[in-house]
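Chemist: work-v7.pdb is reproduced below (PDB, C-alpha atoms and all ligand atoms).
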ATOM      1  CA  MET A 414       7.172   2.585   8.355  1.00  0.00           C
ATOM      2  CA  PRO A 415       7.014   4.572   5.133  1.00  0.00           C
ATOM      3  CA  THR A 416       3.724   4.313   3.285  1.00  0.00           C
ATOM      4  CA  THR A 417       3.968   2.335   0.061  1.00  0.00           C
ATOM      5  CA  ARG A 418       1.989   4.106  -2.605  1.00  0.00           C
ATOM      6  CA  PRO A 419       1.481   2.916  -6.151  1.00  0.00           C
ATOM      7  CA  ASP A 420       2.305   6.340  -7.621  1.00  0.00           C
ATOM      8  CA  GLY A 421       5.918   6.264  -6.449  1.00  0.00           C
ATOM      9  CA  ALA A 422       5.263   9.205  -4.142  1.00  0.00           C
ATOM     10  CA  ALA A 423       6.298   7.468  -0.928  1.00  0.00           C
ATOM     11  CA  PRO A 424       9.119   9.043   1.066  1.00  0.00           C
ATOM     12  CA  PRO A 425      12.264   6.899   1.154  1.00  0.00           C
ATOM     13  CA  ASP A 426      12.942   5.217   4.478  1.00  0.00           C
ATOM     14  CA  THR A 427      15.659   7.601   5.614  1.00  0.00           C
ATOM     15  CA  ALA A 428      16.345  10.309   8.171  1.00  0.00           C
ATOM     16  CA  ASP A 429      18.542  12.120   5.653  1.00  0.00           C
ATOM     17  CA  LEU A 430      16.706  15.376   4.973  1.00  0.00           C
ATOM     18  CA  THR A 431      18.614  15.984   1.730  1.00  0.00           C
ATOM     19  CA  ARG A 432      17.458  12.644   0.346  1.00  0.00           C
ATOM     20  CA  LEU A 433      13.915  13.297   1.531  1.00  0.00           C
ATOM     21  CA  ARG A 434      13.920  16.727  -0.092  1.00  0.00           C
ATOM     22  CA  ARG A 435      15.160  15.262  -3.396  1.00  0.00           C
ATOM     23  CA  ALA A 436      12.505  12.556  -3.356  1.00  0.00           C
ATOM     24  CA  ALA A 437       9.765  15.054  -2.484  1.00  0.00           C
ATOM     25  CA  ALA A 438      10.741  17.134  -5.520  1.00  0.00           C
ATOM     26  CA  ASP A 439       9.293  14.361  -7.719  1.00  0.00           C
ATOM     27  CA  CYS A 440       6.178  13.713  -5.651  1.00  0.00           C
ATOM     28  CA  THR A 441       2.990  13.107  -7.628  1.00  0.00           C
ATOM     29  CA  GLY A 442       0.968  11.901  -4.652  1.00  0.00           C
ATOM     30  CA  CYS A 443      -1.874  14.310  -5.459  1.00  0.00           C
ATOM     31  CA  GLY A 444      -2.676  16.611  -8.371  1.00  0.00           C
ATOM     32  CA  LEU A 445      -1.156  19.793  -6.915  1.00  0.00           C
ATOM     33  CA  HIS A 446       2.274  19.212  -8.464  1.00  0.00           C
ATOM     34  CA  ARG A 447       0.811  19.879 -11.928  1.00  0.00           C
ATOM     35  CA  ALA A 448       0.205  23.620 -11.542  1.00  0.00           C
ATOM     36  CA  ALA A 449       2.798  24.406  -8.858  1.00  0.00           C
ATOM     37  CA  THR A 450       6.306  25.536  -9.799  1.00  0.00           C
ATOM     38  CA  GLN A 451       8.028  23.163  -7.414  1.00  0.00           C
ATOM     39  CA  THR A 452       7.785  21.196  -4.181  1.00  0.00           C
ATOM     40  CA  VAL A 453       8.542  23.421  -1.198  1.00  0.00           C
ATOM     41  CA  PHE A 454      10.163  21.125   1.335  1.00  0.00           C
ATOM     42  CA  GLY A 455      10.958  22.028   4.947  1.00  0.00           C
ATOM     43  CA  GLU A 456      14.150  23.794   5.987  1.00  0.00           C
ATOM     44  CA  GLY A 457      16.134  23.964   9.160  1.00  0.00           C
ATOM     45  CA  PRO A 458      18.556  22.067  11.363  1.00  0.00           C
ATOM     46  CA  ARG A 459      18.291  18.283  11.463  1.00  0.00           C
ATOM     47  CA  HIS A 460      18.110  18.322  15.266  1.00  0.00           C
ATOM     48  CA  ALA A 461      15.874  21.346  15.765  1.00  0.00           C
ATOM     49  CA  GLU A 462      13.979  21.270  19.073  1.00  0.00           C
ATOM     50  CA  ILE A 463      10.964  22.858  17.436  1.00  0.00           C
ATOM     51  CA  LEU A 464       9.374  21.867  14.161  1.00  0.00           C
ATOM     52  CA  VAL A 465       6.929  24.458  12.826  1.00  0.00           C
ATOM     53  CA  ALA A 466       4.288  23.352  10.313  1.00  0.00           C
ATOM     54  CA  GLY A 467       2.160  25.769   8.310  1.00  0.00           C
ATOM     55  CA  GLU A 468      -0.515  25.007   5.725  1.00  0.00           C
ATOM     56  CA  GLN A 469       1.047  25.151   2.263  1.00  0.00           C
ATOM     57  CA  PRO A 470       3.473  27.367   0.355  1.00  0.00           C
ATOM     58  CA  GLY A 471       2.078  30.620  -0.989  1.00  0.00           C
ATOM     59  CA  ASP A 472       2.900  32.451  -4.208  1.00  0.00           C
ATOM     60  CA  GLN A 473       6.369  33.633  -3.111  1.00  0.00           C
ATOM     61  CA  GLU A 474       7.252  30.321  -1.513  1.00  0.00           C
ATOM     62  CA  ASP A 475       6.257  28.509  -4.717  1.00  0.00           C
ATOM     63  CA  ARG A 476       8.547  30.767  -6.769  1.00  0.00           C
ATOM     64  CA  GLN A 477      11.496  30.675  -4.364  1.00  0.00           C
ATOM     65  CA  GLY A 478      11.171  27.043  -3.210  1.00  0.00           C
ATOM     66  CA  LYS A 479      11.378  28.014   0.475  1.00  0.00           C
ATOM     67  CA  PRO A 480       8.738  27.949   3.219  1.00  0.00           C
ATOM     68  CA  PHE A 481       7.443  31.159   4.816  1.00  0.00           C
ATOM     69  CA  VAL A 482       9.296  33.761   2.743  1.00  0.00           C
ATOM     70  CA  GLY A 483       6.247  35.801   1.615  1.00  0.00           C
ATOM     71  CA  PRO A 484       4.111  38.287   3.608  1.00  0.00           C
ATOM     72  CA  ALA A 485       2.948  35.694   6.178  1.00  0.00           C
ATOM     73  CA  GLY A 486       6.562  34.565   6.541  1.00  0.00           C
ATOM     74  CA  ARG A 487       7.711  38.115   7.240  1.00  0.00           C
ATOM     75  CA  LEU A 488       5.113  38.516   9.976  1.00  0.00           C
ATOM     76  CA  PHE A 489       6.127  35.117  11.337  1.00  0.00           C
ATOM     77  CA  ASP A 490       9.812  36.127  11.397  1.00  0.00           C
ATOM     78  CA  GLU A 491       9.058  39.379  13.236  1.00  0.00           C
ATOM     79  CA  ALA A 492       6.856  37.581  15.756  1.00  0.00           C
ATOM     80  CA  LEU A 493       9.564  34.963  16.311  1.00  0.00           C
ATOM     81  CA  THR A 494      12.126  37.661  17.013  1.00  0.00           C
ATOM     82  CA  GLU A 495       9.751  39.379  19.423  1.00  0.00           C
ATOM     83  CA  ALA A 496       9.158  36.077  21.203  1.00  0.00           C
ATOM     84  CA  GLY A 497      12.909  35.504  21.530  1.00  0.00           C
ATOM     85  CA  PHE A 498      13.429  32.828  18.866  1.00  0.00           C
ATOM     86  CA  GLU A 499      15.941  32.603  16.069  1.00  0.00           C
ATOM     87  CA  ARG A 500      14.309  31.271  12.950  1.00  0.00           C
ATOM     88  CA  GLU A 501      17.555  29.512  11.995  1.00  0.00           C
ATOM     89  CA  ALA A 502      17.160  27.280  15.056  1.00  0.00           C
ATOM     90  CA  LEU A 503      13.746  26.023  13.944  1.00  0.00           C
ATOM     91  CA  TYR A 504      12.796  23.473  11.318  1.00  0.00           C
ATOM     92  CA  VAL A 505      10.048  25.134   9.275  1.00  0.00           C
ATOM     93  CA  THR A 506       7.770  23.259   6.900  1.00  0.00           C
ATOM     94  CA  ASN A 507       4.185  22.935   5.658  1.00  0.00           C
ATOM     95  CA  VAL A 508       1.718  20.064   5.859  1.00  0.00           C
ATOM     96  CA  VAL A 509       1.076  20.419   2.105  1.00  0.00           C
ATOM     97  CA  LYS A 510       4.174  20.947  -0.002  1.00  0.00           C
ATOM     98  CA  HIS A 511       2.752  22.350  -3.227  1.00  0.00           C
ATOM     99  CA  PHE A 512       1.032  25.704  -3.740  1.00  0.00           C
ATOM    100  CA  LYS A 513      -2.681  25.391  -4.520  1.00  0.00           C
ATOM    101  CA  PHE A 514      -4.173  28.416  -6.209  1.00  0.00           C
ATOM    102  CA  THR A 515      -6.772  29.774  -8.569  1.00  0.00           C
ATOM    103  CA  GLU A 516      -5.846  32.301 -11.250  1.00  0.00           C
ATOM    104  CA  ARG A 517      -7.442  35.721 -11.307  1.00  0.00           C
ATOM    105  CA  GLY A 518      -5.951  37.609 -14.217  1.00  0.00           C
ATOM    106  CA  LYS A 519      -2.219  37.536 -13.592  1.00  0.00           C
ATOM    107  CA  ARG A 520      -2.645  36.892  -9.873  1.00  0.00           C
ATOM    108  CA  ARG A 521      -2.476  33.495  -8.247  1.00  0.00           C
ATOM    109  CA  ILE A 522      -4.872  33.378  -5.324  1.00  0.00           C
ATOM    110  CA  HIS A 523      -4.342  30.912  -2.472  1.00  0.00           C
ATOM    111  CA  ALA A 524      -6.874  28.053  -2.431  1.00  0.00           C
ATOM    112  CA  LYS A 525      -7.351  25.865   0.620  1.00  0.00           C
ATOM    113  CA  PRO A 526      -6.040  22.317   0.152  1.00  0.00           C
ATOM    114  CA  SER A 527      -8.689  19.590   0.272  1.00  0.00           C
ATOM    115  CA  ARG A 528      -8.659  16.871   2.906  1.00  0.00           C
ATOM    116  CA  PRO A 529      -7.425  14.237   0.364  1.00  0.00           C
ATOM    117  CA  GLU A 530      -4.556  16.575  -0.612  1.00  0.00           C
ATOM    118  CA  VAL A 531      -3.623  17.072   3.047  1.00  0.00           C
ATOM    119  CA  VAL A 532      -3.777  13.317   3.671  1.00  0.00           C
ATOM    120  CA  ALA A 533      -1.741  12.568   0.521  1.00  0.00           C
ATOM    121  CA  CYS A 534       1.049  14.847   1.799  1.00  0.00           C
ATOM    122  CA  ARG A 535       1.104  13.508   5.359  1.00  0.00           C
ATOM    123  CA  PRO A 536       3.805  10.864   4.744  1.00  0.00           C
ATOM    124  CA  TRP A 537       6.254  13.725   4.054  1.00  0.00           C
ATOM    125  CA  LEU A 538       5.467  15.441   7.339  1.00  0.00           C
ATOM    126  CA  LEU A 539       5.834  12.103   9.110  1.00  0.00           C
ATOM    127  CA  ALA A 540       9.188  11.588   7.371  1.00  0.00           C
ATOM    128  CA  GLU A 541      10.365  15.064   8.441  1.00  0.00           C
ATOM    129  CA  LEU A 542       9.270  14.392  12.018  1.00  0.00           C
ATOM    130  CA  ARG A 543      11.087  11.032  12.011  1.00  0.00           C
ATOM    131  CA  ALA A 544      14.246  12.772  10.815  1.00  0.00           C
ATOM    132  CA  VAL A 545      14.120  15.773  13.157  1.00  0.00           C
ATOM    133  CA  ARG A 546      12.319  14.312  16.226  1.00  0.00           C
ATOM    134  CA  PRO A 547      11.592  17.734  17.706  1.00  0.00           C
ATOM    135  CA  ARG A 548      10.488  18.254  21.273  1.00  0.00           C
ATOM    136  CA  LEU A 549       7.742  20.618  20.173  1.00  0.00           C
ATOM    137  CA  LEU A 550       5.541  20.563  17.082  1.00  0.00           C
ATOM    138  CA  LEU A 551       4.113  24.031  16.514  1.00  0.00           C
ATOM    139  CA  LEU A 552       1.071  23.954  14.224  1.00  0.00           C
ATOM    140  CA  LEU A 553       0.122  27.186  12.483  1.00  0.00           C
ATOM    141  CA  GLY A 554      -3.527  27.343  11.489  1.00  0.00           C
ATOM    142  CA  ALA A 555      -6.418  24.926  11.168  1.00  0.00           C
ATOM    143  CA  THR A 556      -5.162  22.982   8.134  1.00  0.00           C
ATOM    144  CA  ALA A 557      -1.871  22.165   9.871  1.00  0.00           C
ATOM    145  CA  ALA A 558      -3.564  21.261  13.155  1.00  0.00           C
ATOM    146  CA  GLN A 559      -6.212  19.144  11.416  1.00  0.00           C
ATOM    147  CA  SER A 560      -3.565  17.317   9.407  1.00  0.00           C
ATOM    148  CA  VAL A 561      -2.220  15.917  12.686  1.00  0.00           C
ATOM    149  CA  TYR A 562      -5.275  15.929  14.994  1.00  0.00           C
ATOM    150  CA  GLY A 563      -8.069  15.219  12.500  1.00  0.00           C
ATOM    151  CA  PRO A 564     -10.747  17.310  10.773  1.00  0.00           C
ATOM    152  CA  SER A 565     -12.781  17.922  13.928  1.00  0.00           C
ATOM    153  CA  PHE A 566      -9.889  19.763  15.634  1.00  0.00           C
ATOM    154  CA  ARG A 567     -10.741  23.414  16.336  1.00  0.00           C
ATOM    155  CA  ILE A 568      -8.007  26.018  16.960  1.00  0.00           C
ATOM    156  CA  THR A 569     -10.618  28.244  18.597  1.00  0.00           C
ATOM    157  CA  ARG A 570     -11.075  25.614  21.340  1.00  0.00           C
ATOM    158  CA  ARG A 571      -7.556  24.238  21.723  1.00  0.00           C
ATOM    159  CA  ARG A 572      -5.326  27.216  20.935  1.00  0.00           C
ATOM    160  CA  GLY A 573      -2.204  27.123  23.077  1.00  0.00           C
ATOM    161  CA  ASP A 574      -3.118  23.856  24.881  1.00  0.00           C
ATOM    162  CA  PRO A 575      -0.282  21.349  25.224  1.00  0.00           C
ATOM    163  CA  LEU A 576      -1.316  18.407  23.010  1.00  0.00           C
ATOM    164  CA  ALA A 577       0.025  14.854  23.241  1.00  0.00           C
ATOM    165  CA  PRO A 578       1.010  13.144  19.978  1.00  0.00           C
ATOM    166  CA  PRO A 579      -1.792  11.088  18.396  1.00  0.00           C
ATOM    167  CA  ASP A 580      -1.034   7.339  18.059  1.00  0.00           C
ATOM    168  CA  GLU A 581       0.341   7.603  14.520  1.00  0.00           C
ATOM    169  CA  TYR A 582       2.836  10.224  15.740  1.00  0.00           C
ATOM    170  CA  ALA A 583       3.844   8.505  18.986  1.00  0.00           C
ATOM    171  CA  GLY A 584       7.528   9.083  19.713  1.00  0.00           C
ATOM    172  CA  LEU A 585       7.905  11.655  16.918  1.00  0.00           C
ATOM    173  CA  PHE A 586       7.527  14.709  19.183  1.00  0.00           C
ATOM    174  CA  ASP A 587       6.883  15.286  22.888  1.00  0.00           C
ATOM    175  CA  VAL A 588       4.174  17.897  22.719  1.00  0.00           C
ATOM    176  CA  ALA A 589       2.343  20.009  20.158  1.00  0.00           C
ATOM    177  CA  LEU A 590       0.826  23.481  20.341  1.00  0.00           C
ATOM    178  CA  ALA A 591      -1.647  24.854  17.835  1.00  0.00           C
ATOM    179  CA  THR A 592      -2.118  28.524  17.150  1.00  0.00           C
ATOM    180  CA  VAL A 593      -3.480  30.720  14.380  1.00  0.00           C
ATOM    181  CA  HIS A 594      -1.799  31.058  11.013  1.00  0.00           C
ATOM    182  CA  PRO A 595       0.242  34.269  10.537  1.00  0.00           C
ATOM    183  CA  ALA A 596      -1.857  34.996   7.399  1.00  0.00           C
ATOM    184  CA  ALA A 597      -4.903  35.164   9.685  1.00  0.00           C
ATOM    185  CA  VAL A 598      -3.067  37.748  11.796  1.00  0.00           C
ATOM    186  CA  LEU A 599      -2.461  39.809   8.644  1.00  0.00           C
ATOM    187  CA  ARG A 600      -6.185  39.668   7.811  1.00  0.00           C
ATOM    188  CA  ALA A 601      -7.472  40.310  11.352  1.00  0.00           C
ATOM    189  CA  PRO A 602      -9.599  43.458  11.789  1.00  0.00           C
ATOM    190  CA  ASP A 603      -7.520  44.399  14.850  1.00  0.00           C
ATOM    191  CA  ARG A 604      -4.143  43.396  13.517  1.00  0.00           C
ATOM    192  CA  GLU A 605      -2.141  44.697  16.492  1.00  0.00           C
ATOM    193  CA  ALA A 606      -4.205  42.718  19.018  1.00  0.00           C
ATOM    194  CA  ALA A 607      -4.040  39.586  16.844  1.00  0.00           C
ATOM    195  CA  ARG A 608      -0.292  40.008  16.496  1.00  0.00           C
ATOM    196  CA  ALA A 609       0.175  40.410  20.267  1.00  0.00           C
ATOM    197  CA  GLU A 610      -1.800  37.206  20.914  1.00  0.00           C
ATOM    198  CA  PHE A 611       0.243  35.362  18.300  1.00  0.00           C
ATOM    199  CA  VAL A 612       3.510  36.522  19.895  1.00  0.00           C
ATOM    200  CA  ALA A 613       2.161  35.411  23.295  1.00  0.00           C
ATOM    201  CA  ASP A 614       1.517  31.920  21.846  1.00  0.00           C
ATOM    202  CA  LEU A 615       5.072  31.798  20.506  1.00  0.00           C
ATOM    203  CA  ARG A 616       6.405  32.854  23.914  1.00  0.00           C
ATOM    204  CA  SER A 617       4.551  29.995  25.544  1.00  0.00           C
ATOM    205  CA  ALA A 618       6.012  27.659  22.909  1.00  0.00           C
ATOM    206  CA  ALA A 619       9.451  28.897  23.952  1.00  0.00           C
ATOM    207  CA  ARG A 620       8.689  27.869  27.528  1.00  0.00           C
TER     208      ARG A 620
HETATM  209  N1  LIG B 701       1.647  30.063   4.410  1.00  0.00           N
HETATM  210  C1  LIG B 701       1.992  28.832   4.837  1.00  0.00           C
HETATM  211  O1  LIG B 701       1.227  28.131   5.486  1.00  0.00           O
HETATM  212  N2  LIG B 701       3.208  28.408   4.553  1.00  0.00           N
HETATM  213  C2  LIG B 701       4.076  29.109   3.869  1.00  0.00           C
HETATM  214  O2  LIG B 701       5.170  28.615   3.633  1.00  0.00           O
HETATM  215  C3  LIG B 701       3.689  30.385   3.452  1.00  0.00           C
HETATM  216  C4  LIG B 701       2.470  30.853   3.724  1.00  0.00           C
END
How would this structure read if it were set down as C-alpha cells?
Modeler:
Amino acid sequence: MPTTRPDGAAPPDTADLTRLRRAAADCTGCGLHRAATQTVFGEGPRHAEILVAGEQPGDQEDRQGKPFVGPAGRLFDEALTEAGFEREALYVTNVVKHFKFTERGKRRIHAKPSRPEVVACRPWLLAELRAVRPRLLLLLGATAAQSVYGPSFRITRRRGDPLAPPDEYAGLFDVALATVHPAAVLRAPDREAARAEFVADLRSAAR
C-alpha cells in the first residue's frame, strides 16, 4: 500500500511510471527539494528485468533531470557494455531523488544523504519496484544497499551475494545484488583493478 504522508509527498497508487514521475516532481517529503533543481526520477522500460538503484543524482543529473549521466554514469555505461548489457534494457534510478550538495565557490559538492532523507524517499523506490517488478535489483553503493537492507548492511561483507527481498519488498523482485558505486571506482587508487571487479559484478548480475 502507498504510504500516506501528511505533506502530500506520497506516491499515487499506480503502476503508471509517467504518473509516478509527475507526482515525484512535486515531492516535498524531505528538505532536499529546496536546493535541488528538480526531482530526478528513474528511467527505463516498464518491464525491465533489472532495476538498478544508485544513491542520488549528482550535479549533472540534477541539471539534466536524468539518472547516471555524469562522470559516474559514463563509467557505469562503459562497464555495462563490457559486461554485455544494454543500458536501454535496464530501469535505472536512485534511492534518493534529489541532489544533496554543499557549495564551494561555484562548485556544488556531493553530500551524503542522511538516513531520514533516504527513508523519506523510500516510498518512491517501492512504487518504482511495484511498477517494474524486476527479477533483479542491482544496488550500487552503500546508501542504496542500506536503503533496502538497513543501516547495518555492509557492501564489503555482502558484495555480489544473492540477497532475498526483505519483508517489506516481498514479491517486488526475486533477488538483489549489491556492489560498489561507480563513483567509488573513479576514486579508487587502483582504478583499473576496481573497474575490472565492478565489471565482474555486473557480469554475475547478467547471469
Ligand atoms: N550517482 C548516483 O548514485 N546516481 C546518479 O544518478 C549519479 C551519480
Chemist: Let me make sure I understand: among A:Glu516, A:Glu495, A:Glu610, A:Glu605, which one has the smallest atom-to-atom distance to Arg572 of chain A if we use all atoms listed in the file?
Modeler: A:Glu610
Chemist: Which of these, A:Arg487, A:Arg432, A:Arg571, A:Arg600, has the shortest distance to ligand LIG 701 (chain B) once you count all atoms listed in the file?
Modeler: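 Among the listed residues, A:Arg487 lies closest to ligand LIG 701 (chain B).
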Chemist: Report as an MDAnalysis selection string the residues that result from applying the PyMOL selection byres (((not hetatm)) within 9 of (chain B and resi 701)) to the structure here.
Modeler: chainID A and resid 453 455 466:475 479:486 505:510 512 553:554 556:557 594:596
Chemist: Could you check the closest approach to Pro526 of chain A for each of A:Leu493, A:Ala555, A:Leu433, A:Leu550 and tell me which residue wins, using only C-alpha atoms?
Modeler: A:Ala555
Chemist: What are the closest atom pairs, with distances in Å to one decimal, for each residue of segment 494-547 of chain A lying within 10 Å of segment 437-442 of chain A, using only C-alpha atoms, rows by chain and rising residue number, as CSV?
Modeler:
residue,atom,partner,partner_atom,distance
A:Lys510,CA,A:Ala437,CA,8.5
A:His511,CA,A:Cys440,CA,9.6
A:Glu530,CA,A:Gly442,CA,8.3
A:Val532,CA,A:Gly442,CA,9.7
A:Ala533,CA,A:Gly442,CA,5.9
A:Cys534,CA,A:Gly442,CA,7.1
A:Pro536,CA,A:Gly442,CA,9.9
A:Trp537,CA,A:Ala437,CA,7.5
Chemist: List every protein, DNA or RNA residue that has an atom no more than 8 Å from (10.7, 14.6, 16.9) in the file's coordinate frame, counting all atoms listed in the file, and report them as a list of chain:residue names.
Modeler: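 Residues close enough to count: A:Glu462, A:Leu464, A:Leu542, A:Arg543, A:Ala544, A:Val545, A:Arg546, A:Pro547, A:Arg548, A:Leu549, A:Leu550, A:Gly584, A:Leu585, A:Phe586, A:Asp587.
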Chemist: For this structure, which residues satisfy the selection - the PyMOL selection byres (((chain A and resi 570) around 12) and not hetatm) - when it is evaluated on the file as given? I want them as a compact mmCIF listing (two decimals) with C-alpha atoms, in the coordinates of the input.
Modeler:
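So the final result, stored in expr.txt, reads:
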# COMPACT_ATOMS: atom_id res chain seq x y z
CA ALA A 555 -6.42 24.93 11.17
CA ALA A 558 -3.56 21.26 13.16
CA SER A 565 -12.78 17.92 13.93
CA PHE A 566 -9.89 19.76 15.63
CA ARG A 567 -10.74 23.41 16.34
CA ILE A 568 -8.01 26.02 16.96
CA THR A 569 -10.62 28.24 18.60
CA ARG A 571 -7.56 24.24 21.72
CA ARG A 572 -5.33 27.22 20.94
CA GLY A 573 -2.20 27.12 23.08
CA ASP A 574 -3.12 23.86 24.88
CA ALA A 591 -1.65 24.85 17.84
CA THR A 592 -2.12 28.52 17.15
CA VAL A 593 -3.48 30.72 14.38
Chemist: Measuring atom to atom with all atoms listed in the file, identify which of A:Gln477, A:Ala461, A:Glu491, A:Phe514 is nearest to Ala448 of chain A.
Modeler: A:Phe514
Chemist: So how far away is atom CA of Tyr562 of chain A from atom CA of His446 of chain A, in Å?
Modeler: 24.9 Å
Chemist: Kindly indicate which residue among A:Cys443, A:Ala583, A:Ala540, A:Val465 lies nearest to Phe489 of chain A, using all atoms listed in the file for the distances.
Modeler: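 Of the candidates, the smallest distance to Phe489 of chain A is held by A:Val465.
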Chemist: I'd like to know which of A:Arg500, A:Gln451, A:Leu590, A:Asp603 is closest to Ala618 of chain A, using only C-alpha atoms.
Modeler: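 With only C-alpha atoms as the atom set, the closest residue is A:Leu590.
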Chemist: What gap, in Å, lies between atom CA of Pro424 of chain A and atom CA of His523 of chain A?
Modeler: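 Distance between the two atoms: 25.9 Å.
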Chemist: Measure the distance from atom CA of Leu445 of chain A to atom CA of Gly478 of chain A in Å and round it to one decimal.
Modeler: 14.8 Å
Chemist: Taking all atoms of segment 559-576 of chain A that appear in the file, build a box with edges along x, y and z, extend it by 6 Å on every side, and state its centre and edge lengths in Å to one decimal, as AutoDock Vina command-line options.
Modeler:
--center_x -6.5 --center_y 21.7 --center_z 17.3 --size_x 24.5 --size_y 25.0 --size_z 27.8
Chemist: Report as a PyMOL selection string the full result of the PyMOL selection byres (((chain A and resi 577) around 7) and not hetatm) when it is applied to this structure.
Modeler: chain A and resi 575-576+578-579+587-589
Chemist: For the residues selected in the previous step, produce a file with C-alpha atoms as an mmCIF file, keeping the file's coordinate frame.
Modeler:
data_model
loop_
_atom_site.group_PDB
_atom_site.id
_atom_site.type_symbol
_atom_site.label_atom_id
_atom_site.label_comp_id
_atom_site.auth_asym_id
_atom_site.auth_seq_id
_atom_site.Cartn_x
_atom_site.Cartn_y
_atom_site.Cartn_z
ATOM 1 C CA PRO A 575 -0.282 21.349 25.224
ATOM 2 C CA LEU A 576 -1.316 18.407 23.010
ATOM 3 C CA PRO A 578 1.010 13.144 19.978
ATOM 4 C CA PRO A 579 -1.792 11.088 18.396
ATOM 5 C CA ASP A 587 6.883 15.286 22.888
ATOM 6 C CA VAL A 588 4.174 17.897 22.719
ATOM 7 C CA ALA A 589 2.343 20.009 20.158
#
Chemist: Restrict the output to segment 594-611 of chain A and N, CA and C atoms, then write it as an mmCIF file, in the first residue's frame.
Modeler:
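Listing of part20.cif after writing:
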data_model
loop_
_atom_site.group_PDB
_atom_site.id
_atom_site.type_symbol
_atom_site.label_atom_id
_atom_site.label_comp_id
_atom_site.auth_asym_id
_atom_site.auth_seq_id
_atom_site.Cartn_x
_atom_site.Cartn_y
_atom_site.Cartn_z
ATOM 1 N N HIS A 594 29.663 1.558 -5.706
ATOM 2 C CA HIS A 594 29.129 2.620 -6.549
ATOM 3 C C HIS A 594 30.176 2.962 -7.614
ATOM 4 N N PRO A 595 29.756 3.249 -8.859
ATOM 5 C CA PRO A 595 30.759 3.596 -9.880
ATOM 6 C C PRO A 595 31.622 4.802 -9.488
ATOM 7 N N ALA A 596 31.079 5.727 -8.666
ATOM 8 C CA ALA A 596 31.908 6.869 -8.221
ATOM 9 C C ALA A 596 33.076 6.374 -7.362
ATOM 10 N N ALA A 597 32.865 5.288 -6.634
ATOM 11 C CA ALA A 597 33.952 4.731 -5.816
ATOM 12 C C ALA A 597 35.028 4.125 -6.722
ATOM 13 N N VAL A 598 34.606 3.588 -7.862
ATOM 14 C CA VAL A 598 35.579 3.057 -8.825
ATOM 15 C C VAL A 598 36.424 4.210 -9.367
ATOM 16 N N LEU A 599 35.770 5.334 -9.650
ATOM 17 C CA LEU A 599 36.508 6.504 -10.169
ATOM 18 C C LEU A 599 37.526 7.024 -9.161
ATOM 19 N N ARG A 600 37.222 6.873 -7.872
ATOM 20 C CA ARG A 600 38.112 7.399 -6.822
ATOM 21 C C ARG A 600 39.151 6.379 -6.366
ATOM 22 N N ALA A 601 39.022 5.127 -6.794
ATOM 23 C CA ALA A 601 39.887 4.062 -6.257
ATOM 24 C C ALA A 601 41.353 4.317 -6.624
ATOM 25 N N PRO A 602 42.280 4.039 -5.711
ATOM 26 C CA PRO A 602 43.698 4.242 -6.007
ATOM 27 C C PRO A 602 44.137 3.413 -7.219
ATOM 28 N N ASP A 603 43.676 2.164 -7.292
ATOM 29 C CA ASP A 603 43.964 1.339 -8.473
ATOM 30 C C ASP A 603 42.672 1.248 -9.292
ATOM 31 N N ARG A 604 42.478 2.274 -10.129
ATOM 32 C CA ARG A 604 41.202 2.383 -10.811
ATOM 33 C C ARG A 604 40.938 1.207 -11.762
ATOM 34 N N GLU A 605 42.001 0.727 -12.425
ATOM 35 C CA GLU A 605 41.798 -0.371 -13.383
ATOM 36 C C GLU A 605 41.327 -1.646 -12.692
ATOM 37 N N ALA A 606 41.961 -1.942 -11.524
ATOM 38 C CA ALA A 606 41.566 -3.148 -10.777
ATOM 39 C C ALA A 606 40.123 -2.996 -10.271
ATOM 40 N N ALA A 607 39.808 -1.791 -9.760
ATOM 41 C CA ALA A 607 38.461 -1.563 -9.224
ATOM 42 C C ALA A 607 37.415 -1.686 -10.341
ATOM 43 N N ARG A 608 37.800 -1.200 -11.510
ATOM 44 C CA ARG A 608 36.888 -1.247 -12.654
ATOM 45 C C ARG A 608 36.643 -2.709 -13.082
ATOM 46 N N ALA A 609 37.738 -3.495 -13.102
ATOM 47 C CA ALA A 609 37.619 -4.900 -13.503
ATOM 48 C C ALA A 609 36.717 -5.665 -12.522
ATOM 49 N N GLU A 610 36.857 -5.368 -11.238
ATOM 50 C CA GLU A 610 35.991 -6.045 -10.244
ATOM 51 C C GLU A 610 34.532 -5.628 -10.410
ATOM 52 N N PHE A 611 34.332 -4.353 -10.731
ATOM 53 C CA PHE A 611 32.970 -3.852 -10.927
ATOM 54 C C PHE A 611 32.333 -4.532 -12.148
#
